[in-house]
Amino acid sequence: MNRKSIFLYLIMTSTVLVSGCWSQKELNEIAIISAMAIDKNDDGKYVKTIQLINPSNVAGGLQGGGGGQSPAVSVYTATGDSVLEAHFNASSKISRRLYHAHANLLVISEDLAKEEGITGILDAFERDPEVRITSRVVIAHRTKAADLLKSLTAIDKIPAEKINGTLQYTEKLRGENIEVTIQDIITALTSPGREPVISGFRMKGDIEQGKKMENVQQSELDTTLQADGLAIFKEGKLIDWYQGEMSRGVVWILNKIKQTDVELDWEEKKNIIVYNVIRQKTKVSADTKNAFPVITIHVRAEGDIREVRTPVNLTDPTVILEIEKVLEKEIKKELEETVMRTQQNKSDIFGFGEVVHRSDPEKWKKMKSDWNDAYFPNLKVNVKVEAFVRRTGLTTNSYLSDLEE
């Protein structure tokens with residue numbers, strides 16, 4: 001038998017061992033889940049809401065929410081004594097197999113996060129091999145979690161994509177929210193010396209109107225979804241909400257600021273100069289020589305002058321240096337206020353405990369059981385800020401200087 005015959009024989013026999021597409025799933029047999037929400041009703045049962053994609057109504061791309069006559073998603077709700085039971089009960093309402101692999105959002109209600117906490121409900125999602133633990137998580141603020149999935153959106157046909165996209169860009173441009181996944185939360189919950197922090201989302205406008213197609217078939221929407229601060233947790237339960245500069249302070253200390261605007265006072269005029277941070281680096285260190293560790297937060301920020309609403313001589317180096325000093329004081333004040341409020345909450349969302357653990361593992365063993373209640377609230381925290389103005393935009397002095405002359 002020649003070499004070609006042997007090769008052909010091996011190819012033919014190997015086909016017997018090929019398993020084929022044993023796990024294939026036909027599109028007409030599955031219901032694709034884009035997002036999930038968890039509430040709890042008055043009877044103490046879990047309420048699971050699933051947002052399913054209607055493929056025929058998404059044809060032509062994910063943009064243009066008001067273009068079709070039917071919504072791009074359908075929403076189903078079911079209850080159960082556990083998250084898994086609620087899921088199984090939802091399947092009785094749908095003619096197809098529920099498919100989790102494309103779900104990229106989990107919404108948890110504020111009331112559930114406060115009263116029961118999130119520790120128990122995440123197990124069902126981590127344990128399921130089909131659920132993506134990289135799915136983002138948000139807390140429904142001042143509304144039910146289900147309402148966020150039922151509201152139709154204008155630019156993104158799929159509401160889950162609207163929420164995920166908003167999270168991504170508000171973190172990138174404003175620095176007041178952060179993207180958090182199921183995996184991130186479980187890591188924080190199981191890590192001594194760090195508590196989870198999760199972005200909030202709320203509905204603005206009429207909740208019932210937001211569920212109708214008429215909401216997205218007009219230029220100005222009656223109801224919109226918007227990012228709304230950070231949910232602060234302790235031992236798995238929601239204990240506080242941070243908004244505005246306070247939430248940005250958290251993101252800053254966590255070294256997740258990518259870009260943000262800082263408003264500065266100048267010559268007794270409030271918020272008259274706007275500085276845009278384009279690069280920053282935050283380092284947190286711990287000195288464990290004494291009984292109570294000393295934490296140092298060092299921030300280095302670089303950016304541009306983006307707006308000036310008063311005459312300022314930006315060609316003068318001494319003026320630029322003075323602006324940098326004002327900027328450093330403003331950032332330092334923002335971070336110190338965030339640390340102070342968080343110490344009052346007795347919840348180490350910054351991971352200071354992890355820093356102490358890395359610096360002195362032996363001392364950390366003695367502290368970790370009482371860290372949040374005894375040590376963290378009494379830490380001395382030093383904030384050091386270096387800020388630099390690199391550019392002043394397309395012009396130096398504003399035309400306001402010429403008008404004043």
# chains A, B, ... in the order shown; residues from 1 in each chain; ligands from 1
call {"tool": "select_by_dssp", "arguments": {"residues": "region 6-194 of chain A", "states": "helix (DSSP H, G or I)", "output": "JSON, numbers by chain"}}
result
{"A": [6, 7, 8, 9, 10, 11, 12, 13, 14, 15, 16, 17, 27, 28, 29, 55, 56, 57, 58, 83, 84, 85, 86, 87, 88, 89, 90, 91, 110, 111, 112, 113, 114, 115, 122, 123, 124, 125, 126, 127, 145, 146, 147, 148, 149, 150, 159, 160, 161, 162, 163, 164, 165, 166, 167, 168, 169, 170, 171, 172, 173, 182, 183, 184, 185, 186, 187, 188, 189]}
call {"tool": "residues_around", "arguments": {"residues": "Pro55 (chain A)", "least_positions_apart": "6", "cutoff": "9 Å", "atoms": "only C-alpha atoms", "output": "number ranges by chain"}}
result
A: 32, 72-73
call {"tool": "write_last_selection", "arguments": {"atoms": "N, CA and C atoms", "output": "CSV table (one decimal), in the first residue's frame"}}
result
chain,number,residue,atom,x,y,z
A,32,ILE,N,-33.3,34.1,22.9
A,32,ILE,CA,-32.0,34.7,23.3
A,32,ILE,C,-32.3,35.8,24.3
A,72,ALA,N,-38.1,45.7,19.7
A,72,ALA,CA,-37.0,44.7,19.4
A,72,ALA,C,-36.9,43.7,20.5
A,73,VAL,N,-37.6,43.9,21.6
A,73,VAL,CA,-37.5,42.9,22.7
A,73,VAL,C,-38.8,42.6,23.3
call {"tool": "residues_around", "arguments": {"residues": "Ala145 (chain A)", "least_positions_apart": "6", "cutoff": "7 Å", "atoms": "only C-alpha atoms", "output": "PyMOL selection string"}}
result
chain A and resi 37-39+107-109
call {"tool": "write_last_selection", "arguments": {"atoms": "N, CA and C atoms", "output": "tab-separated table (two decimals), in the first residue's frame"}}
result
chain	number	residue	atom	x	y	z
A	37	ALA	N	-33.38	40.68	35.35
A	37	ALA	CA	-33.61	41.55	36.49
A	37	ALA	C	-34.17	40.73	37.64
A	38	ILE	N	-33.77	41.09	38.87
A	38	ILE	CA	-34.23	40.38	40.05
A	38	ILE	C	-34.86	41.38	41.03
A	39	ASP	N	-36.14	41.15	41.36
A	39	ASP	CA	-36.86	41.91	42.39
A	39	ASP	C	-37.35	40.92	43.44
A	107	VAL	N	-29.76	43.24	36.41
A	107	VAL	CA	-30.26	44.38	37.18
A	107	VAL	C	-30.83	43.85	38.49
A	108	ILE	N	-30.41	44.46	39.61
A	108	ILE	CA	-30.88	44.06	40.94
A	108	ILE	C	-31.62	45.24	41.56
A	109	SER	N	-32.75	44.98	42.15
A	109	SER	CA	-33.54	46.07	42.71
A	109	SER	C	-32.90	46.65	43.96
call {"tool": "residues_around", "arguments": {"residues": "region 287-297 of chain A", "least_positions_apart": "6", "cutoff": "8 Å", "atoms": "only C-alpha atoms", "output": "list in words"}}
result
Ile253, Phe352, Val356, Ser359, Asp360, Lys363, Tyr375, Asn378, Leu379, Lys380, Val381, Asn382, Val383 and Lys384 of chain A
call {"tool": "residues_around", "arguments": {"residues": "Arg279 (chain A)", "least_positions_apart": "4", "cutoff": "9 Å", "atoms": "only C-alpha atoms", "output": "list in words"}}
result
Ile257, Lys258, Gln259, Arg300, Ala301, Glu302 and Gly303 of chain A
call {"tool": "closest_residue", "arguments": {"among": "A:Gly200, A:Gly175, A:Pro71, A:Gly229", "to": "Ile158 (chain A)", "atoms": "only C-alpha atoms"}}
result
A:Pro71
call {"tool": "residues_around", "arguments": {"residues": "Pro159 (chain A)", "least_positions_apart": "3", "cutoff": "12 Å", "atoms": "only C-alpha atoms", "output": "VMD selection string"}}
result
chain A and resid 33 to 36 50 to 53 62 to 65 71 to 75 103 to 105 107 146 to 156 162 to 166 203 210 to 211 216 224 to 226
call {"tool": "write_last_selection", "arguments": {"atoms": "C-alpha atoms", "output": "tab-separated table (two decimals), in the first residue's frame"}}
result
chain	number	residue	atom	x	y	z
A	33	ILE	CA	-31.84	36.53	26.63
A	34	SER	CA	-30.25	39.97	26.50
A	35	ALA	CA	-30.75	40.97	30.16
A	36	MET	CA	-32.13	39.74	33.48
A	50	ILE	CA	-35.98	38.37	31.38
A	51	GLN	CA	-35.57	40.52	28.30
A	52	LEU	CA	-35.69	38.47	25.09
A	53	ILE	CA	-34.52	39.63	21.68
A	62	LEU	CA	-29.07	47.74	16.69
A	63	GLN	CA	-29.53	51.44	15.96
A	64	GLY	CA	-32.74	53.35	15.47
A	65	GLY	CA	-35.15	52.29	18.19
A	71	PRO	CA	-40.40	46.42	19.83
A	72	ALA	CA	-37.05	44.71	19.41
A	73	VAL	CA	-37.47	42.93	22.74
A	74	SER	CA	-40.11	41.04	24.68
A	75	VAL	CA	-40.19	40.87	28.48
A	103	ALA	CA	-27.09	37.95	28.25
A	104	ASN	CA	-24.74	40.77	29.26
A	105	LEU	CA	-26.68	42.61	31.97
A	107	VAL	CA	-30.26	44.38	37.18
A	146	ALA	CA	-38.01	44.96	36.03
A	147	ASP	CA	-38.98	48.48	34.93
A	148	LEU	CA	-35.49	49.11	33.54
A	149	LEU	CA	-35.88	46.12	31.21
A	150	LYS	CA	-39.43	47.02	30.17
A	151	SER	CA	-38.59	50.57	29.11
A	152	LEU	CA	-37.98	51.03	25.36
A	153	THR	CA	-35.05	53.13	24.20
A	154	ALA	CA	-34.63	55.35	21.16
A	155	ILE	CA	-31.08	55.05	19.82
A	156	ASP	CA	-30.38	51.48	20.88
A	162	LYS	CA	-28.50	51.23	26.08
A	163	ILE	CA	-27.61	50.60	29.73
A	164	ASN	CA	-24.27	48.95	28.96
A	165	GLY	CA	-23.30	51.66	26.47
A	166	THR	CA	-24.22	54.43	28.90
A	203	MET	CA	-35.84	55.85	35.00
A	210	GLY	CA	-41.68	54.20	28.77
A	211	LYS	CA	-43.02	50.74	28.00
A	216	VAL	CA	-39.50	56.13	21.02
A	224	THR	CA	-35.36	57.77	29.55
A	225	LEU	CA	-32.87	55.54	31.33
A	226	GLN	CA	-29.87	57.23	32.92
call {"tool": "residues_around", "arguments": {"residues": "Pro196 (chain A)", "least_positions_apart": "2", "cutoff": "8 Å", "atoms": "only C-alpha atoms", "output": "list in words"}}
result
Ile185, Ala188, Leu189, Arg194, Ile198, Ile232, Phe233, Lys234, Gly236 and Ile349 of chain A
call {"tool": "closest_residue", "arguments": {"among": "A:Leu221, A:Ala86, A:Leu327, A:Ile207", "to": "Val389 (chain A)", "atoms": "only C-alpha atoms"}}
result
A:Leu327
call {"tool": "closest_residue", "arguments": {"among": "A:Thr260, A:Ser70, A:Gln218, A:Thr395", "to": "Thr315 (chain A)", "atoms": "only C-alpha atoms"}}
result
A:Thr395
call {"tool": "select_by_dssp", "arguments": {"residues": "region 3-204 of chain A", "states": "strand (DSSP E or B)", "output": "MDAnalysis selection string"}}
result
chainID A and resid 30:40 46:53 63 73:80 97:99 105:109 136:140 156 181 197:204
call {"tool": "write_last_selection", "arguments": {"atoms": "C-alpha atoms", "output": "PDB file, in the first residue's frame"}}
result
ATOM      1  CA  ILE A  30     -33.908  29.153  21.367  1.00  0.00           C
ATOM      2  CA  ALA A  31     -35.031  32.409  22.987  1.00  0.00           C
ATOM      3  CA  ILE A  32     -32.004  34.700  23.288  1.00  0.00           C
ATOM      4  CA  ILE A  33     -31.841  36.526  26.625  1.00  0.00           C
ATOM      5  CA  SER A  34     -30.253  39.972  26.505  1.00  0.00           C
ATOM      6  CA  ALA A  35     -30.747  40.966  30.161  1.00  0.00           C
ATOM      7  CA  MET A  36     -32.131  39.744  33.485  1.00  0.00           C
ATOM      8  CA  ALA A  37     -33.606  41.552  36.494  1.00  0.00           C
ATOM      9  CA  ILE A  38     -34.231  40.380  40.055  1.00  0.00           C
ATOM     10  CA  ASP A  39     -36.859  41.905  42.387  1.00  0.00           C
ATOM     11  CA  LYS A  40     -38.739  40.591  45.412  1.00  0.00           C
ATOM     12  CA  TYR A  46     -38.120  36.358  43.941  1.00  0.00           C
ATOM     13  CA  VAL A  47     -39.379  38.003  40.767  1.00  0.00           C
ATOM     14  CA  LYS A  48     -37.171  37.289  37.770  1.00  0.00           C
ATOM     15  CA  THR A  49     -37.645  39.366  34.633  1.00  0.00           C
ATOM     16  CA  ILE A  50     -35.981  38.366  31.383  1.00  0.00           C
ATOM     17  CA  GLN A  51     -35.567  40.518  28.301  1.00  0.00           C
ATOM     18  CA  LEU A  52     -35.691  38.470  25.092  1.00  0.00           C
ATOM     19  CA  ILE A  53     -34.523  39.627  21.684  1.00  0.00           C
ATOM     20  CA  GLN A  63     -29.526  51.438  15.960  1.00  0.00           C
ATOM     21  CA  VAL A  73     -37.467  42.932  22.743  1.00  0.00           C
ATOM     22  CA  SER A  74     -40.108  41.043  24.684  1.00  0.00           C
ATOM     23  CA  VAL A  75     -40.191  40.871  28.475  1.00  0.00           C
ATOM     24  CA  TYR A  76     -41.389  37.960  30.603  1.00  0.00           C
ATOM     25  CA  THR A  77     -41.728  37.806  34.379  1.00  0.00           C
ATOM     26  CA  ALA A  78     -42.061  34.871  36.764  1.00  0.00           C
ATOM     27  CA  THR A  79     -41.829  34.301  40.524  1.00  0.00           C
ATOM     28  CA  GLY A  80     -40.301  31.612  42.707  1.00  0.00           C
ATOM     29  CA  ARG A  97     -35.421  27.135  25.284  1.00  0.00           C
ATOM     30  CA  LEU A  98     -34.105  30.092  27.265  1.00  0.00           C
ATOM     31  CA  TYR A  99     -30.541  30.824  26.134  1.00  0.00           C
ATOM     32  CA  LEU A 105     -26.680  42.613  31.966  1.00  0.00           C
ATOM     33  CA  LEU A 106     -28.080  41.803  35.403  1.00  0.00           C
ATOM     34  CA  VAL A 107     -30.263  44.382  37.182  1.00  0.00           C
ATOM     35  CA  ILE A 108     -30.879  44.058  40.937  1.00  0.00           C
ATOM     36  CA  SER A 109     -33.545  46.075  42.707  1.00  0.00           C
ATOM     37  CA  ARG A 136     -22.428  43.763  33.891  1.00  0.00           C
ATOM     38  CA  VAL A 137     -24.436  44.425  37.045  1.00  0.00           C
ATOM     39  CA  VAL A 138     -26.379  47.575  37.964  1.00  0.00           C
ATOM     40  CA  ILE A 139     -28.681  48.506  40.843  1.00  0.00           C
ATOM     41  CA  ALA A 140     -32.124  49.879  39.965  1.00  0.00           C
ATOM     42  CA  ASP A 156     -30.378  51.477  20.883  1.00  0.00           C
ATOM     43  CA  THR A 181     -19.358  42.433  36.420  1.00  0.00           C
ATOM     44  CA  VAL A 197     -19.459  49.179  44.778  1.00  0.00           C
ATOM     45  CA  ILE A 198     -21.983  49.036  41.904  1.00  0.00           C
ATOM     46  CA  SER A 199     -23.319  51.670  39.512  1.00  0.00           C
ATOM     47  CA  GLY A 200     -26.951  52.689  39.794  1.00  0.00           C
ATOM     48  CA  PHE A 201     -29.508  53.256  37.020  1.00  0.00           C
ATOM     49  CA  ARG A 202     -32.880  54.943  37.183  1.00  0.00           C
ATOM     50  CA  MET A 203     -35.841  55.850  35.004  1.00  0.00           C
ATOM     51  CA  LYS A 204     -36.600  59.505  34.428  1.00  0.00           C
TER      52      LYS A 204
END
call {"tool": "closest_residue", "arguments": {"among": "A:Glu208, A:Glu245, A:Trp364, A:Val312", "to": "Lys333 (chain A)", "atoms": "only C-alpha atoms"}}
result
A:Glu245
call {"tool": "closest_residue", "arguments": {"among": "A:Ile305, A:Ala286, A:Val131, A:Leu394", "to": "Pro361 (chain A)", "atoms": "only C-alpha atoms"}}
result
A:Ala286
call {"tool": "atom_distance", "arguments": {"atom1": "CA of Glu195 (chain A)", "atom2": "CA of Asp348 (chain A)"}}
result
5.6 Å
call {"tool": "closest_residue", "arguments": {"among": "A:Glu171, A:Glu115, A:Glu176, A:Asp316", "to": "Asn397 (chain A)", "atoms": "only C-alpha atoms"}}
result
A:Asp316
call {"tool": "atom_distance", "arguments": {"atom1": "CA of Thr396 (chain A)", "atom2": "CA of Lys270 (chain A)"}}
result
21.0 Å
